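Raw contents of protein33.csv, CSV, C-alpha atoms:
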```csv
chain,number,residue,atom,x,y,z
A,1,MET,CA,0.0,0.0,0.0
A,2,ALA,CA,1.5,3.3,-1.0
A,3,THR,CA,1.5,6.3,1.2
A,4,ALA,CA,1.9,10.0,0.4
A,5,THR,CA,3.4,12.7,2.5
A,6,LEU,CA,1.8,16.1,2.1
A,7,THR,CA,4.3,19.1,2.4
A,8,PRO,CA,3.2,22.7,2.7
A,9,SER,CA,4.2,23.3,-0.9
A,10,SER,CA,2.0,20.4,-2.1
A,11,LEU,CA,-1.1,21.6,-0.4
A,12,PRO,CA,-3.7,23.5,-2.5
A,13,GLY,CA,-3.2,27.3,-2.5
A,14,ASP,CA,-6.4,28.0,-0.6
A,15,VAL,CA,-5.4,25.6,2.2
A,16,ARG,CA,-2.0,27.2,2.5
A,17,LEU,CA,-3.6,30.6,2.7
A,18,MET,CA,-6.0,29.5,5.3
A,19,ASN,CA,-3.2,28.0,7.5
A,20,ALA,CA,-1.1,31.1,7.2
A,21,THR,CA,-4.1,33.3,8.1
A,22,ALA,CA,-4.9,31.1,11.1
A,23,ALA,CA,-1.2,31.3,12.3
A,24,LEU,CA,-1.2,35.1,11.9
A,25,LEU,CA,-4.5,35.4,13.8
A,26,ALA,CA,-3.1,33.2,16.6
A,27,LEU,CA,0.0,35.4,16.7
A,28,VAL,CA,-2.0,38.6,16.8
A,29,GLY,CA,-4.3,37.2,19.4
A,30,SER,CA,-1.4,36.1,21.6
A,31,ALA,CA,0.2,39.5,21.3
A,32,ALA,CA,-3.0,41.3,22.2
A,33,LEU,CA,-3.5,39.0,25.1
A,34,ALA,CA,0.0,39.6,26.3
A,35,ALA,CA,-0.4,43.4,26.0
A,36,ALA,CA,-3.7,43.3,27.8
A,37,LEU,CA,-2.1,41.3,30.6
A,38,LEU,CA,0.8,43.8,30.8
A,39,VAL,CA,-1.7,46.7,31.0
A,40,TRP,CA,-3.6,44.9,33.7
A,41,VAL,CA,-0.5,44.1,35.7
A,42,ALA,CA,0.8,47.7,35.4
A,43,LYS,CA,-2.5,49.1,36.8
A,44,GLN,CA,-2.3,47.0,39.9
A,45,PRO,CA,-1.9,48.9,43.2
A,46,THR,CA,1.5,47.3,43.6
A,47,PHE,CA,2.9,49.6,40.9
A,48,ALA,CA,1.4,52.9,42.0
A,49,ILE,CA,4.1,55.3,43.1
A,50,ARG,CA,4.3,54.7,46.9
A,51,SER,CA,7.3,56.9,47.8
A,52,ILE,CA,9.6,59.5,46.5
A,53,ARG,CA,13.1,59.7,47.9
A,54,LEU,CA,14.9,63.1,47.7
A,55,ASP,CA,18.6,63.2,47.6
A,56,GLY,CA,21.3,65.8,46.8
A,57,GLU,CA,21.2,69.4,47.8
A,58,ILE,CA,18.3,70.2,50.1
A,59,THR,CA,19.2,73.3,52.0
A,60,ARG,CA,16.9,76.0,50.7
A,61,ASN,CA,13.6,74.0,51.0
A,62,SER,CA,12.3,71.4,53.4
A,63,ILE,CA,11.5,68.0,52.0
A,64,SER,CA,7.8,68.6,52.8
A,65,THR,CA,7.9,71.9,50.8
A,66,ILE,CA,9.5,70.2,47.8
A,67,ARG,CA,7.0,67.4,47.8
A,68,ALA,CA,4.0,69.7,48.3
A,69,ASN,CA,5.1,71.8,45.2
A,70,ALA,CA,6.1,68.9,42.9
A,71,THR,CA,3.9,65.9,43.6
A,72,PRO,CA,0.6,67.4,42.5
A,73,HIS,CA,2.1,67.6,39.0
A,74,LEU,CA,3.1,63.9,38.9
A,75,ALA,CA,0.8,61.6,37.0
A,76,GLY,CA,0.9,57.9,36.2
A,77,HIS,CA,2.3,54.8,37.9
A,78,PHE,CA,5.7,53.1,37.9
A,79,PHE,CA,5.5,52.2,34.2
A,80,SER,CA,3.6,55.2,32.7
A,81,ILE,CA,5.0,58.2,34.6
A,82,ASP,CA,6.8,60.6,32.3
A,83,LEU,CA,10.2,61.1,33.8
A,84,GLY,CA,10.7,64.3,31.8
A,85,GLU,CA,7.6,65.9,33.1
A,86,ALA,CA,8.5,64.7,36.6
A,87,ARG,CA,11.9,66.4,36.3
A,88,ARG,CA,10.3,69.7,35.2
A,89,ALA,CA,7.9,69.5,38.1
A,90,PHE,CA,10.8,69.4,40.6
A,91,GLU,CA,12.8,72.0,38.7
A,92,ALA,CA,9.8,74.4,39.0
A,93,VAL,CA,10.3,74.4,42.8
A,94,PRO,CA,12.0,77.6,44.0
A,95,TRP,CA,15.8,77.2,44.4
A,96,VAL,CA,16.0,73.9,42.4
A,97,ARG,CA,18.3,74.3,39.4
A,98,HIS,CA,18.3,70.7,38.2
A,99,ALA,CA,16.7,67.4,39.0
A,100,VAL,CA,17.4,63.9,38.0
A,101,VAL,CA,14.4,61.5,38.4
A,102,ARG,CA,14.6,57.7,38.0
A,103,ARG,CA,12.4,54.7,38.8
A,104,VAL,CA,13.2,52.3,41.6
A,105,TRP,CA,11.5,49.0,41.4
A,106,PRO,CA,8.7,48.4,42.0
A,107,ASN,CA,6.9,51.6,43.1
A,108,ARG,CA,9.4,54.3,44.1
A,109,LEU,CA,11.0,57.4,42.5
A,110,MET,CA,14.5,58.6,43.3
A,111,VAL,CA,15.0,62.3,42.8
A,112,THR,CA,18.5,63.9,43.0
A,113,LEU,CA,18.4,67.7,43.3
A,114,GLU,CA,20.9,70.4,42.5
A,115,GLU,CA,20.2,73.9,44.0
A,116,HIS,CA,21.0,77.3,42.7
A,117,HIS,CA,23.9,79.0,44.4
A,118,PRO,CA,23.4,82.8,44.4
A,119,ALA,CA,26.3,84.9,43.1
A,120,ALA,CA,24.6,88.2,42.4
A,121,LEU,CA,21.4,90.1,42.2
A,122,TRP,CA,19.8,90.8,38.8
A,123,GLU,CA,17.8,94.0,38.4
A,124,THR,CA,15.2,94.0,35.7
A,125,ASP,CA,14.0,96.9,33.6
A,126,GLY,CA,11.2,97.5,35.9
A,127,GLY,CA,13.5,97.6,38.9
A,128,ALA,CA,12.4,94.2,40.3
A,129,GLU,CA,15.2,92.0,41.7
A,130,LYS,CA,15.9,88.4,40.7
A,131,LEU,CA,19.0,86.3,41.4
A,132,VAL,CA,21.9,85.1,39.4
A,133,ASN,CA,23.5,81.7,40.2
A,134,SER,CA,27.1,80.7,40.0
A,135,PHE,CA,26.5,79.7,36.3
A,136,GLY,CA,25.4,83.2,35.4
A,137,GLU,CA,21.8,82.1,35.0
A,138,VAL,CA,19.0,84.3,36.2
A,139,PHE,CA,16.4,82.5,38.4
A,140,GLN,CA,13.3,83.4,40.3
A,141,ALA,CA,13.5,83.1,44.1
A,142,ASN,CA,13.0,85.4,47.1
A,143,PRO,CA,16.2,87.5,47.4
A,144,GLY,CA,15.3,87.9,51.1
A,145,ASP,CA,16.2,84.2,51.6
A,146,VAL,CA,19.9,84.9,50.8
A,147,GLU,CA,22.0,85.2,53.8
A,148,ASP,CA,24.7,87.2,52.1
A,149,GLU,CA,23.4,90.8,52.1
A,150,ALA,CA,26.5,92.0,50.2
A,151,LEU,CA,25.7,90.4,46.8
A,152,PRO,CA,26.6,92.7,43.9
A,153,THR,CA,23.9,93.8,41.5
A,154,LEU,CA,24.0,93.1,37.8
A,155,THR,CA,21.8,94.6,35.1
A,156,GLY,CA,21.8,94.5,31.4
A,157,PRO,CA,20.1,93.2,28.2
A,158,ASP,CA,18.5,89.8,28.3
A,159,GLY,CA,21.0,87.1,27.9
A,160,SER,CA,23.9,89.1,29.3
A,161,SER,CA,23.9,87.8,32.8
A,162,ALA,CA,26.6,85.1,32.3
A,163,ARG,CA,29.0,87.6,30.7
A,164,LEU,CA,28.4,90.2,33.3
A,165,LEU,CA,29.1,87.7,36.1
A,166,THR,CA,32.3,86.5,34.4
A,167,LEU,CA,33.4,90.1,34.1
A,168,LEU,CA,32.5,90.9,37.7
A,169,GLN,CA,34.6,87.9,38.9
A,170,ARG,CA,37.6,89.1,36.7
A,171,LEU,CA,37.4,92.7,37.7
A,172,GLN,CA,36.9,92.3,41.4
A,173,PRO,CA,40.6,91.2,42.0
A,174,VAL,CA,41.9,94.1,39.9
A,175,LEU,CA,40.3,96.6,42.3
A,176,VAL,CA,42.0,95.2,45.4
A,177,PRO,CA,44.9,97.8,45.3
A,178,LEU,CA,42.2,100.5,45.6
A,179,ASP,CA,40.6,98.7,48.6
A,180,ALA,CA,37.4,98.8,46.7
A,181,ALA,CA,34.8,96.3,45.3
A,182,ILE,CA,32.1,96.5,42.7
A,183,GLU,CA,28.6,96.9,44.1
A,184,ARG,CA,26.9,97.3,40.8
A,185,LEU,CA,27.9,96.4,37.2
A,186,GLU,CA,25.6,97.4,34.4
A,187,MET,CA,25.7,97.0,30.6
A,188,SER,CA,23.9,99.3,28.2
A,189,GLY,CA,22.0,98.1,25.1
A,190,ARG,CA,25.1,99.0,23.1
A,191,GLY,CA,27.4,96.9,25.4
A,192,SER,CA,29.0,99.7,27.3
A,193,LEU,CA,29.9,98.9,30.9
A,194,ARG,CA,29.5,101.0,34.0
A,195,ALA,CA,30.5,100.1,37.6
A,196,GLU,CA,29.6,101.5,41.0
A,197,LEU,CA,32.1,100.8,43.8
A,198,ASP,CA,31.3,100.3,47.5
A,199,SER,CA,33.2,103.5,48.1
A,200,GLY,CA,30.5,105.4,46.2
A,201,ALA,CA,32.7,106.0,43.1
A,202,GLU,CA,31.4,105.4,39.6
A,203,ILE,CA,33.5,104.1,36.7
A,204,GLU,CA,32.5,104.4,33.1
A,205,ILE,CA,34.4,101.4,31.6
A,206,GLY,CA,33.1,101.4,28.0
A,207,ARG,CA,32.9,98.7,25.4
A,208,GLY,CA,35.3,96.0,24.2
A,209,SER,CA,36.1,92.3,24.6
A,210,ASP,CA,36.4,90.9,28.1
A,211,ASP,CA,40.2,90.9,27.9
A,212,GLU,CA,40.2,94.5,26.7
A,213,ILE,CA,38.0,95.6,29.5
A,214,VAL,CA,40.1,93.9,32.2
A,215,GLU,CA,43.3,95.3,30.7
A,216,ARG,CA,41.8,98.8,30.6
A,217,MET,CA,40.8,98.5,34.3
A,218,GLN,CA,44.3,97.3,35.2
A,219,ARG,CA,45.9,100.3,33.6
A,220,PHE,CA,43.5,102.6,35.4
A,221,VAL,CA,44.1,101.0,38.8
A,222,GLY,CA,47.9,101.0,38.2
A,223,THR,CA,48.0,104.8,38.0
A,224,VAL,CA,45.0,106.3,39.6
A,225,GLY,CA,46.4,105.6,43.1
A,226,GLN,CA,49.1,108.2,42.4
A,227,VAL,CA,46.5,110.8,41.3
A,228,ILE,CA,44.5,110.2,44.5
A,229,ALA,CA,47.6,110.4,46.7
A,230,GLN,CA,48.8,113.6,45.0
A,231,HIS,CA,45.5,115.5,45.6
A,232,GLN,CA,44.5,113.7,48.8
A,233,ARG,CA,40.9,113.6,47.6
A,234,PRO,CA,38.6,110.5,47.3
A,235,LEU,CA,37.6,109.3,43.8
A,236,VAL,CA,34.1,110.3,42.8
A,237,HIS,CA,34.0,109.4,39.1
A,238,ALA,CA,36.3,108.0,36.4
A,239,ASP,CA,35.8,107.8,32.6
A,240,LEU,CA,37.9,105.1,30.9
A,241,ARG,CA,36.3,105.5,27.5
A,242,HIS,CA,39.3,107.2,26.1
A,243,ASN,CA,41.9,105.7,23.7
A,244,ASP,CA,45.0,106.8,25.5
A,245,GLY,CA,44.0,107.8,29.0
A,246,TYR,CA,41.1,108.5,31.4
A,247,ALA,CA,39.4,111.4,33.1
A,248,VAL,CA,38.8,111.4,36.8
A,249,ARG,CA,36.8,113.5,39.2
A,250,LEU,CA,38.0,113.6,42.7
A,251,LYS,CA,36.0,115.2,45.4
A,252,GLY,CA,36.2,118.9,44.4
A,253,ILE,CA,38.7,118.3,41.5
A,254,THR,CA,38.4,117.2,37.9
A,255,THR,CA,41.5,116.1,36.0
A,256,THR,CA,42.6,114.2,33.0
A,257,VAL,CA,45.4,111.6,32.9
A,258,SER,CA,47.1,111.3,29.5
A,259,PRO,CA,45.8,112.7,26.2
A,260,THR,CA,42.2,111.9,25.3
A,261,PRO,CA,41.9,112.0,21.5
A,262,GLY,CA,39.0,109.7,21.2
A,263,ARG,CA,36.2,107.9,23.2
A,264,LYS,CA,35.1,104.3,23.3
```

Before anything else, please render the file you have as structure tokens.
Amino acid sequence: MATATLTPSSLPGDVRLMNATAALLALVGSAALAAALLVWVAKQPTFAIRSIRLDGEITRNSISTIRANATPHLAGHFFSIDLGEARRAFEAVPWVRHAVVRRVWPNRLMVTLEEHHPAALWETDGGAEKLVNSFGEVFQANPGDVEDEALPTLTGPDGSSARLLTLLQRLQPVLVPLDAAIERLEMSGRGSLRAELDSGAEIEIGRGSDDEIVERMQRFVGTVGQVIAQHQRPLVHADLRHNDGYAVRLKGITTTVSPTPGRK
């Protein structure tokens, strides 16, 4: 008795199509069932966010304050929570500069915080005060929370805070021989700089690259001490916007040091 073995290629075309369709439907059904199972599992109370651990710099806010400000903006469970949105929620808390949020199995979040470190005050066009951090970024917080009452003030066009802070940090050491410090550094819309010292003196620095400005101030500090000593009067105003010299006004006296053929 002869026997015949049917291979897939020997089956009629409609039978092969029916088998392939059945296999595909079985695969789709299995995938749908697995997806539904995963969704069901993910929605179980076990995976609801149970706790949030805060780490890093937490000196300006209490843990309860940070949680009270951020947690109302967190949505979802362990699998569905948007970590980017969660990070932005924590970074919206006053004094928080940066936050890193990660999941901790099975139902926790770990949040590492970096705070702003105030380096200067920032005066807006309307006269309101914000703060500048150590990166030169302007941020919103209550200046009254800053323990250092001697923070210098910066003001200038939008986007100039980082450059102004860098210039401030470079110019402060230059003024040490005068036993003075910059209380206020401002930049005009054309980029011209003006400084107010803690002695009450005002210095019109002018425009230029950072190196040019520092060099100009060094030349001024290197010679103005002799002028002050000669007249025995305190400095009131100095104008460094000259090509080959500067003009100074001492209390009751106005004088020019070196020729002044042009202005900057």

Quick one: of A:Asp210, A:Glu123, A:Glu129, A:Glu91, who's nearest to Gly156 of chain A, counting all atoms listed in the file? A:Glu123

Set the distance at 8 Å and use all atoms listed in the file: which residues neighbour Ala195 of chain A once local chain neighbours fewer than 2 positions away are removed? I'd like the list as a VMD selection string. chain A and resid 182 to 186 193 197 202 to 205

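Using all atoms listed in the file, the contacts of Ile49 of chain A at a cut-off of 9 Å, with sequence neighbours closer than 4 positions omitted, comprise Pro45, Gly76, His77, Phe78, Pro106, Asn107, Arg108 and Leu109 of chain A.
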
Residues near Ser161 of chain A, cut-off 8 Å, all atoms listed in the file, skip fewer than 6 positions along chain, as an MDAnalysis selection string: chainID A and resid 122 132 136:138 154:155

Near Phe135 of chain A, counting only C-alpha atoms, which residues have an atom at most 9 Å away, once you skip same-chain residues fewer than 4 positions from it, shown as a ChimeraX atom specification? /A:116-117,119,162,165

Just C-alpha atoms for this one: save the residues we selected as a PDB file, in the coordinates of the input.
```
ATOM      1  CA  HIS A 116      21.000  77.300  42.700  1.00  0.00           C
ATOM      2  CA  HIS A 117      23.900  79.000  44.400  1.00  0.00           C
ATOM      3  CA  ALA A 119      26.300  84.900  43.100  1.00  0.00           C
ATOM      4  CA  ALA A 162      26.600  85.100  32.300  1.00  0.00           C
ATOM      5  CA  LEU A 165      29.100  87.700  36.100  1.00  0.00           C
TER       6      LEU A 165
END
```

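Picture a line from atom CA of Glu196 of chain A to atom CA of Ala229 of chain A; it runs 20.9 Å.
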
Can you work out which one of A:Lys251, A:Arg103, A:His98, A:Arg241 has the shortest atom-to-atom distance to Glu115 of chain A, counting all atoms listed in the file?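 Checking each candidate against Glu115 of chain A, we get A:His98 as the closest.
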
If you count only C-alpha atoms, which residues fall within 9 Å of Arg207 of chain A, apart from same-chain ones fewer than 4 positions away, as a PyMOL selection string? chain A and resi 190-193+212-213+241+264

Between A:Val221, A:Ile81, A:Leu113, A:Leu24, single out the one closest to Phe47 of chain A, counting only C-alpha atoms. A:Ile81

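Across the structure, atom CA of Arg67 of chain A and atom CA of Asp148 of chain A are spaced 26.9 Å apart.
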
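Among the candidate residues A:His242, A:Arg50, A:Arg87, A:Lys130, the one lying nearest to Trp105 of chain A is A:Arg50, with distances computed using all atoms listed in the file.
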
In Å, how far is it from atom CA of Arg163 of chain A to atom CA of Leu175 of chain A?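 Answer for the atom CA of Arg163 of chain A to atom CA of Leu175 of chain A separation: 18.5 Å.
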
Pick out the closest residue to Val248 of chain A from this set: A:Met217, A:Leu171, A:Leu131, A:Val236. Count all atoms listed in the file.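 Residue with the minimum atom-to-atom distance to Val248 of chain A: A:Val236.
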
Residue nearest Arg194 of chain A - candidates A:Ile58, A:Ala141, A:Leu178, A:Ala238, atoms counted: all atoms listed in the file: A:Ala238
